[in-house]
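Text of data19.txt (compact mmCIF, C-alpha atoms) as supplied:
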# COMPACT_ATOMS: atom_id res chain seq x y z
CA MET A 1 115.61 53.30 93.61
CA SER A 2 114.09 54.96 90.53
CA GLU A 3 115.21 58.39 89.34
CA ASN A 4 111.82 59.88 90.22
CA THR A 5 111.95 58.42 93.73
CA ASP A 6 115.45 59.81 94.23
CA GLN A 7 114.33 63.28 93.06
CA ASN A 8 111.35 63.17 95.40
CA GLU A 9 113.53 62.21 98.36
CA ARG A 10 116.01 65.02 97.65
CA HIS A 11 113.15 67.49 97.28
CA LYS A 12 111.59 66.30 100.54
CA ALA A 13 114.89 66.67 102.41
CA LYS A 14 115.45 70.15 100.96
CA MET A 15 111.93 71.32 101.88
CA ALA A 16 112.32 69.91 105.41
CA LYS A 17 115.46 72.04 105.91
CA ILE A 18 113.69 75.12 104.59
CA LYS A 19 110.69 74.51 106.85
CA ALA A 20 112.91 74.07 109.90
CA ALA A 21 114.74 77.32 109.16
CA ARG A 22 111.47 79.16 108.58
CA ASP A 23 109.94 77.78 111.77
CA ARG A 24 112.95 79.04 113.73
CA MET A 25 112.59 82.48 112.14
CA MET A 26 108.83 82.66 112.73
CA ALA A 27 109.27 81.72 116.39
CA THR A 28 111.03 85.07 116.89
CA LYS A 29 108.17 87.07 115.29
CA THR A 30 105.78 87.45 118.20
CA GLU A 31 104.87 91.14 118.37
CA GLU A 32 101.90 92.94 116.83
CA LYS A 33 101.52 96.67 116.20
CA GLY A 34 99.63 99.07 114.03
CA LEU A 35 101.71 99.77 110.94
CA ILE A 36 102.43 102.87 108.90
CA ILE A 37 102.30 101.53 105.34
CA VAL A 38 103.33 103.30 102.13
CA HIS A 39 102.51 102.26 98.57
CA THR A 40 104.44 104.37 96.10
CA GLY A 41 106.30 104.21 92.79
CA PRO A 42 105.41 104.82 89.12
CA GLY A 43 103.77 101.45 88.54
CA LYS A 44 100.09 100.58 88.61
CA GLY A 45 98.60 98.90 91.67
CA LYS A 46 99.16 101.22 94.63
CA SER A 47 95.50 101.91 95.35
CA SER A 48 94.40 98.51 94.02
CA SER A 49 96.62 96.76 96.56
CA GLY A 50 95.34 99.08 99.26
CA PHE A 51 91.74 98.17 98.53
CA GLY A 52 92.73 94.53 98.73
CA MET A 53 93.88 95.27 102.29
CA VAL A 54 90.55 96.99 102.94
CA MET A 55 88.72 93.81 101.94
CA ARG A 56 90.96 91.72 104.17
CA CYS A 57 90.11 93.96 107.11
CA VAL A 58 86.40 93.67 106.36
CA ALA A 59 86.73 89.89 106.32
CA HIS A 60 88.44 90.00 109.74
CA GLY A 61 85.75 92.23 111.22
CA MET A 62 88.07 95.26 111.44
CA PRO A 63 86.33 98.63 110.88
CA VAL A 64 87.90 100.63 108.03
CA ALA A 65 87.92 104.22 106.80
CA VAL A 66 89.05 105.52 103.41
CA VAL A 67 89.86 109.14 102.60
CA GLN A 68 90.50 109.81 98.92
CA PHE A 69 92.69 112.80 98.13
CA ILE A 70 93.12 114.33 94.65
CA LYS A 71 91.27 111.81 92.48
CA GLY A 72 88.19 111.71 94.68
CA ALA A 73 86.00 113.30 92.01
CA MET A 74 86.24 110.16 89.87
CA ALA A 75 83.57 107.49 89.98
CA THR A 76 85.44 104.29 90.81
CA GLY A 77 84.43 100.66 91.06
CA GLU A 78 85.93 100.24 94.52
CA ARG A 79 83.97 103.17 95.91
CA ALA A 80 80.69 101.96 94.39
CA PHE A 81 81.30 98.42 95.66
CA LEU A 82 82.21 99.37 99.21
CA GLU A 83 79.43 101.94 99.61
CA GLU A 84 76.82 99.54 98.27
CA HIS A 85 77.88 96.33 100.00
CA PHE A 86 79.81 97.39 103.13
CA PRO A 87 78.43 100.75 104.29
CA ASP A 88 78.62 99.73 107.95
CA GLU A 89 82.10 98.26 107.78
CA VAL A 90 83.82 100.93 105.65
CA GLN A 91 83.55 104.70 105.89
CA PHE A 92 84.35 106.22 102.49
CA HIS A 93 85.16 109.93 102.31
CA VAL A 94 86.04 111.97 99.23
CA SER A 95 88.32 114.96 99.73
CA GLY A 96 89.78 115.75 96.32
CA GLU A 97 88.15 117.13 93.20
CA GLY A 98 90.62 115.91 90.61
CA PHE A 99 94.23 116.39 89.59
CA THR A 100 95.73 119.88 89.60
CA TRP A 101 95.62 120.18 85.83
CA GLU A 102 91.86 119.57 86.04
CA THR A 103 90.99 121.96 88.87
CA GLN A 104 93.58 124.60 87.87
CA ASP A 105 93.07 126.18 91.29
CA ARG A 106 95.95 125.59 93.71
CA GLU A 107 94.31 127.37 96.64
CA ARG A 108 91.20 125.21 96.29
CA ASP A 109 93.34 122.08 96.01
CA ILE A 110 95.16 123.05 99.21
CA ALA A 111 91.90 123.72 101.04
CA LYS A 112 90.49 120.35 99.97
CA ALA A 113 93.67 118.54 101.01
CA GLU A 114 93.73 120.26 104.39
CA ALA A 115 90.08 119.40 104.99
CA GLY A 116 90.80 115.79 104.05
CA TRP A 117 93.76 115.65 106.43
CA GLU A 118 91.71 117.07 109.31
CA LEU A 119 89.09 114.37 108.70
CA ALA A 120 91.82 111.74 108.41
CA LYS A 121 93.22 112.72 111.79
CA GLU A 122 89.80 112.29 113.40
CA LEU A 123 89.41 108.85 111.83
CA ILE A 124 92.92 107.75 112.82
CA ARG A 125 92.41 108.92 116.41
CA ASN A 126 89.28 106.75 116.69
CA PRO A 127 90.55 103.49 118.24
CA GLU A 128 87.53 101.59 116.92
CA ILE A 129 88.74 102.11 113.33
CA ARG A 130 91.53 99.63 112.79
CA PHE A 131 92.64 100.52 109.23
CA VAL A 132 92.70 103.94 107.58
CA MET A 133 93.57 104.27 103.90
CA LEU A 134 94.71 107.71 102.72
CA ASP A 135 94.45 107.26 98.98
CA GLU A 136 96.73 109.49 96.87
CA ILE A 137 97.80 111.57 99.86
CA ASN A 138 101.39 111.29 98.60
CA ILE A 139 100.46 113.51 95.66
CA ALA A 140 99.09 116.14 98.04
CA LEU A 141 102.32 115.91 100.03
CA ARG A 142 104.51 116.04 96.91
CA ASN A 143 102.73 119.21 95.76
CA ASP A 144 103.09 120.71 99.26
CA TYR A 145 99.34 120.96 99.77
CA LEU A 146 100.09 119.43 103.18
CA ASN A 147 103.13 119.81 105.41
CA ILE A 148 105.09 116.55 105.46
CA ASP A 149 106.48 117.19 108.96
CA ASP A 150 102.97 117.69 110.37
CA VAL A 151 101.77 114.43 108.78
CA VAL A 152 104.75 112.37 109.96
CA ASP A 153 104.70 113.85 113.47
CA PHE A 154 101.01 113.04 113.80
CA LEU A 155 101.43 109.46 112.63
CA LEU A 156 104.33 108.84 115.00
CA SER A 157 102.84 110.54 118.04
CA GLU A 158 99.03 110.26 117.85
CA LYS A 159 98.18 107.13 115.86
CA PRO A 160 96.70 104.51 118.22
CA GLU A 161 99.02 101.60 118.87
CA MET A 162 97.02 98.99 116.94
CA THR A 163 95.75 101.14 114.05
CA HIS A 164 97.15 100.56 110.58
CA VAL A 165 97.45 103.59 108.28
CA LEU A 166 98.12 103.21 104.55
CA LEU A 167 99.31 106.14 102.45
CA THR A 168 99.28 105.72 98.66
CA GLY A 169 100.54 107.70 95.69
CA ARG A 170 103.64 108.29 93.63
CA ASN A 171 106.76 110.02 94.86
CA ALA A 172 106.40 109.43 98.58
CA LYS A 173 108.61 111.89 100.41
CA PRO A 174 111.77 110.58 102.11
CA GLU A 175 110.52 111.66 105.54
CA LEU A 176 107.45 109.46 105.16
CA ILE A 177 109.44 106.50 103.89
CA GLU A 178 111.78 106.81 106.87
CA ALA A 179 108.87 106.87 109.32
CA ALA A 180 106.97 103.97 107.75
CA ASP A 181 107.09 100.36 108.88
CA LEU A 182 106.25 98.87 105.47
CA VAL A 183 107.05 100.48 102.11
CA THR A 184 106.32 99.00 98.71
CA GLU A 185 107.43 100.62 95.47
CA MET A 186 105.44 99.64 92.40
CA THR A 187 107.72 99.44 89.35
CA LEU A 188 106.43 100.21 85.87
CA LEU A 189 107.55 97.78 83.19
CA LYS A 190 104.79 98.24 80.59
CA HIS A 191 101.55 100.20 80.46
CA PRO A 192 98.94 100.26 77.66
CA PHE A 193 98.60 104.06 77.99
CA ARG A 194 101.89 104.32 76.10
CA ASP A 195 100.23 102.54 73.17
CA GLY A 196 97.22 104.86 73.07
CA ILE A 197 94.95 102.76 75.30
CA LYS A 198 92.85 104.84 77.68
CA ALA A 199 92.08 103.97 81.31
CA GLN A 200 89.42 101.25 81.40
CA ALA A 201 86.76 100.26 83.90
CA GLY A 202 87.69 97.25 85.99
CA VAL A 203 91.41 97.70 85.36
CA GLU A 204 92.14 101.32 86.24
CA PHE A 205 89.02 102.43 88.14

What would you get if you wrote out this structure as structure tokens?
Amino acid sequence: MSENTDQNERHKAKMAKIKAARDRMMATKTEEKGLIIVHTGPGKGKSSSGFGMVMRCVAHGMPVAVVQFIKGAMATGERAFLEEHFPDEVQFHVSGEGFTWETQDRERDIAKAEAGWELAKELIRNPEIRFVMLDEINIALRNDYLNIDDVVDFLLSEKPEMTHVLLTGRNAKPELIEAADLVTEMTLLKHPFRDGIKAQAGVEF
């Protein structure tokens, strides 16, 4: 038996064991439920990953709604794309007017966040909408524009059983992380901003 043949046989045997173990594990995963999902952390990709989920839902025929908090004043590629190509599949709502250092008006920021949350609750309550993305809501929660207990209590008590809700933004509060089913923390290793490179279309927005 050649060395290559021996390696292939060992690899085949190893993969067969892994497949058998995985098949046993997957056989126990039979339930489905609407998830509370959190994308947080200092790294890039929280919203980008969320919009990837939006596209998956569209492909599966699942109605989607997006509410953008805080950075909603920005013109973004994802918003332009979804509004132009999928206006019937995706509702896109803008609640924020920019980051606090841009608006410089805390009371207005709070009012915008509260209006966005009221709209979000209506969208989440609608059982026909299967996925609701609350983009940058974690910033509104971190700045106490919204009450974290009210948000968590609503998600746990009023979200329809099969509706997924995604909450993005840095510094997710511990109460939200505890309540969530799926939490991903994006870790920053390198970012061109540190080298004087500004945010660029197609990469950042």

> Nearest to Glu89 of chain A among A:Lys112, A:His60, A:Arg106, A:Arg10, with distances taken over all atoms listed in the file: which residue is it?
Replying inline: A:His60

> Do you know which residues lie at most 8 Å from (95.1, 95.4, 120.0), with coordinates as in the file and all atoms listed in the file counted, and could you write them as a list in words?
Replying inline: Glu32, Lys33, Glu161 and Met162 of chain A

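You can rank A:Gly77, A:Gly61, A:Gly116, A:Gly45 by their closest distance to Glu128 of chain A using only C-alpha atoms, and at the top of that list sits A:Gly61.
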
>> Rounded to one decimal, what separation in Å do you get between atom CA of Met133 of chain A and atom CA of Leu167 of chain A?
In response: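 If I compute the distance from atom CA of Met133 of chain A to atom CA of Leu167 of chain A, I get 6.2 Å.
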
> atom CA of Phe69 of chain A to atom CA of Leu182 of chain A: how many Å, to one decimal?
Replying inline: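 Computing it gives 20.8 Å between the two atoms.
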
Leaving out segment 194-204 of chain A and any residue of its chain fewer than 6 positions from it, which residues lie within 12 Å of it when counting only C-alpha atoms, given as a PDB file with C-alpha atoms, keeping the file's coordinate frame?
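Result file follows (result09.pdb):
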ATOM      1  CA  GLY A  43     103.770 101.450  88.540  1.00  0.00           C
ATOM      2  CA  LYS A  44     100.090 100.580  88.610  1.00  0.00           C
ATOM      3  CA  GLY A  45      98.600  98.900  91.670  1.00  0.00           C
ATOM      4  CA  LYS A  46      99.160 101.220  94.630  1.00  0.00           C
ATOM      5  CA  SER A  47      95.500 101.910  95.350  1.00  0.00           C
ATOM      6  CA  SER A  48      94.400  98.510  94.020  1.00  0.00           C
ATOM      7  CA  MET A  74      86.240 110.160  89.870  1.00  0.00           C
ATOM      8  CA  ALA A  75      83.570 107.490  89.980  1.00  0.00           C
ATOM      9  CA  THR A  76      85.440 104.290  90.810  1.00  0.00           C
ATOM     10  CA  GLY A  77      84.430 100.660  91.060  1.00  0.00           C
ATOM     11  CA  GLU A  78      85.930 100.240  94.520  1.00  0.00           C
ATOM     12  CA  ALA A  80      80.690 101.960  94.390  1.00  0.00           C
ATOM     13  CA  PHE A  81      81.300  98.420  95.660  1.00  0.00           C
ATOM     14  CA  LEU A 188     106.430 100.210  85.870  1.00  0.00           C
TER      15      LEU A 188
END

From the coordinates I just gave you, please extract segment 66-92 of chain A so that only N, CA and C atoms remain, then output it as a PDB file, in the first residue's frame.
ATOM      1  N   VAL A  66     -36.536  46.164   9.265  1.00  0.00           N
ATOM      2  CA  VAL A  66     -35.320  46.739   9.830  1.00  0.00           C
ATOM      3  C   VAL A  66     -35.665  48.094  10.427  1.00  0.00           C
ATOM      4  N   VAL A  67     -35.232  48.308  11.667  1.00  0.00           N
ATOM      5  CA  VAL A  67     -35.330  49.632  12.283  1.00  0.00           C
ATOM      6  C   VAL A  67     -33.918  50.063  12.626  1.00  0.00           C
ATOM      7  N   GLN A  68     -33.473  51.174  12.042  1.00  0.00           N
ATOM      8  CA  GLN A  68     -32.123  51.664  12.315  1.00  0.00           C
ATOM      9  C   GLN A  68     -32.174  52.762  13.367  1.00  0.00           C
ATOM     10  N   PHE A  69     -31.499  52.515  14.478  1.00  0.00           N
ATOM     11  CA  PHE A  69     -31.346  53.499  15.535  1.00  0.00           C
ATOM     12  C   PHE A  69     -30.019  54.229  15.329  1.00  0.00           C
ATOM     13  N   ILE A  70     -29.893  55.420  15.846  1.00  0.00           N
ATOM     14  CA  ILE A  70     -28.653  56.188  15.914  1.00  0.00           C
ATOM     15  C   ILE A  70     -28.130  56.590  14.544  1.00  0.00           C
ATOM     16  N   LYS A  71     -27.590  55.646  13.768  1.00  0.00           N
ATOM     17  CA  LYS A  71     -26.905  56.005  12.532  1.00  0.00           C
ATOM     18  C   LYS A  71     -27.845  56.087  11.336  1.00  0.00           C
ATOM     19  N   GLY A  72     -29.152  56.132  11.602  1.00  0.00           N
ATOM     20  CA  GLY A  72     -30.119  56.105  10.523  1.00  0.00           C
ATOM     21  C   GLY A  72     -30.044  57.265   9.554  1.00  0.00           C
ATOM     22  N   ALA A  73     -29.382  58.355   9.925  1.00  0.00           N
ATOM     23  CA  ALA A  73     -29.292  59.498   9.028  1.00  0.00           C
ATOM     24  C   ALA A  73     -28.324  59.247   7.883  1.00  0.00           C
ATOM     25  N   MET A  74     -27.456  58.254   8.023  1.00  0.00           N
ATOM     26  CA  MET A  74     -26.462  57.970   6.993  1.00  0.00           C
ATOM     27  C   MET A  74     -27.093  57.285   5.783  1.00  0.00           C
ATOM     28  N   ALA A  75     -26.606  57.640   4.610  1.00  0.00           N
ATOM     29  CA  ALA A  75     -26.973  56.901   3.403  1.00  0.00           C
ATOM     30  C   ALA A  75     -26.083  55.665   3.335  1.00  0.00           C
ATOM     31  N   THR A  76     -26.695  54.485   3.328  1.00  0.00           N
ATOM     32  CA  THR A  76     -25.912  53.253   3.327  1.00  0.00           C
ATOM     33  C   THR A  76     -26.264  52.397   2.117  1.00  0.00           C
ATOM     34  N   GLY A  77     -25.307  51.581   1.700  1.00  0.00           N
ATOM     35  CA  GLY A  77     -25.518  50.696   0.572  1.00  0.00           C
ATOM     36  C   GLY A  77     -26.614  49.680   0.830  1.00  0.00           C
ATOM     37  N   GLU A  78     -26.656  49.139   2.060  1.00  0.00           N
ATOM     38  CA  GLU A  78     -27.650  48.117   2.343  1.00  0.00           C
ATOM     39  C   GLU A  78     -29.065  48.691   2.277  1.00  0.00           C
ATOM     40  N   ARG A  79     -29.226  49.900   2.780  1.00  0.00           N
ATOM     41  CA  ARG A  79     -30.556  50.520   2.719  1.00  0.00           C
ATOM     42  C   ARG A  79     -30.966  50.770   1.273  1.00  0.00           C
ATOM     43  N   ALA A  80     -30.070  51.340   0.474  1.00  0.00           N
ATOM     44  CA  ALA A  80     -30.381  51.615  -0.931  1.00  0.00           C
ATOM     45  C   ALA A  80     -30.715  50.322  -1.675  1.00  0.00           C
ATOM     46  N   PHE A  81     -29.944  49.270  -1.419  1.00  0.00           N
ATOM     47  CA  PHE A  81     -30.152  47.994  -2.099  1.00  0.00           C
ATOM     48  C   PHE A  81     -31.497  47.378  -1.746  1.00  0.00           C
ATOM     49  N   LEU A  82     -31.797  47.328  -0.456  1.00  0.00           N
ATOM     50  CA  LEU A  82     -33.033  46.682  -0.022  1.00  0.00           C
ATOM     51  C   LEU A  82     -34.256  47.474  -0.455  1.00  0.00           C
ATOM     52  N   GLU A  83     -34.204  48.803  -0.348  1.00  0.00           N
ATOM     53  CA  GLU A  83     -35.353  49.608  -0.736  1.00  0.00           C
ATOM     54  C   GLU A  83     -35.599  49.559  -2.237  1.00  0.00           C
ATOM     55  N   GLU A  84     -34.542  49.438  -3.016  1.00  0.00           N
ATOM     56  CA  GLU A  84     -34.691  49.408  -4.465  1.00  0.00           C
ATOM     57  C   GLU A  84     -35.122  48.039  -4.981  1.00  0.00           C
ATOM     58  N   HIS A  85     -34.541  46.979  -4.417  1.00  0.00           N
ATOM     59  CA  HIS A  85     -34.747  45.654  -4.982  1.00  0.00           C
ATOM     60  C   HIS A  85     -35.748  44.791  -4.217  1.00  0.00           C
ATOM     61  N   PHE A  86     -35.959  45.054  -2.925  1.00  0.00           N
ATOM     62  CA  PHE A  86     -36.846  44.206  -2.128  1.00  0.00           C
ATOM     63  C   PHE A  86     -37.828  45.019  -1.284  1.00  0.00           C
ATOM     64  N   PRO A  87     -38.513  45.986  -1.903  1.00  0.00           N
ATOM     65  CA  PRO A  87     -39.415  46.835  -1.111  1.00  0.00           C
ATOM     66  C   PRO A  87     -40.609  46.080  -0.532  1.00  0.00           C
ATOM     67  N   ASP A  88     -41.003  44.980  -1.169  1.00  0.00           N
ATOM     68  CA  ASP A  88     -42.137  44.208  -0.667  1.00  0.00           C
ATOM     69  C   ASP A  88     -41.727  43.203   0.397  1.00  0.00           C
ATOM     70  N   GLU A  89     -40.483  42.775   0.344  1.00  0.00           N
ATOM     71  CA  GLU A  89     -40.008  41.753   1.275  1.00  0.00           C
ATOM     72  C   GLU A  89     -39.441  42.341   2.565  1.00  0.00           C
ATOM     73  N   VAL A  90     -38.904  43.568   2.483  1.00  0.00           N
ATOM     74  CA  VAL A  90     -38.213  44.170   3.628  1.00  0.00           C
ATOM     75  C   VAL A  90     -38.757  45.569   3.900  1.00  0.00           C
ATOM     76  N   GLN A  91     -39.282  45.751   5.087  1.00  0.00           N
ATOM     77  CA  GLN A  91     -39.638  47.104   5.544  1.00  0.00           C
ATOM     78  C   GLN A  91     -38.390  47.741   6.151  1.00  0.00           C
ATOM     79  N   PHE A  92     -38.047  48.942   5.738  1.00  0.00           N
ATOM     80  CA  PHE A  92     -36.843  49.610   6.234  1.00  0.00           C
ATOM     81  C   PHE A  92     -37.256  50.934   6.860  1.00  0.00           C
TER      82      PHE A  92
END
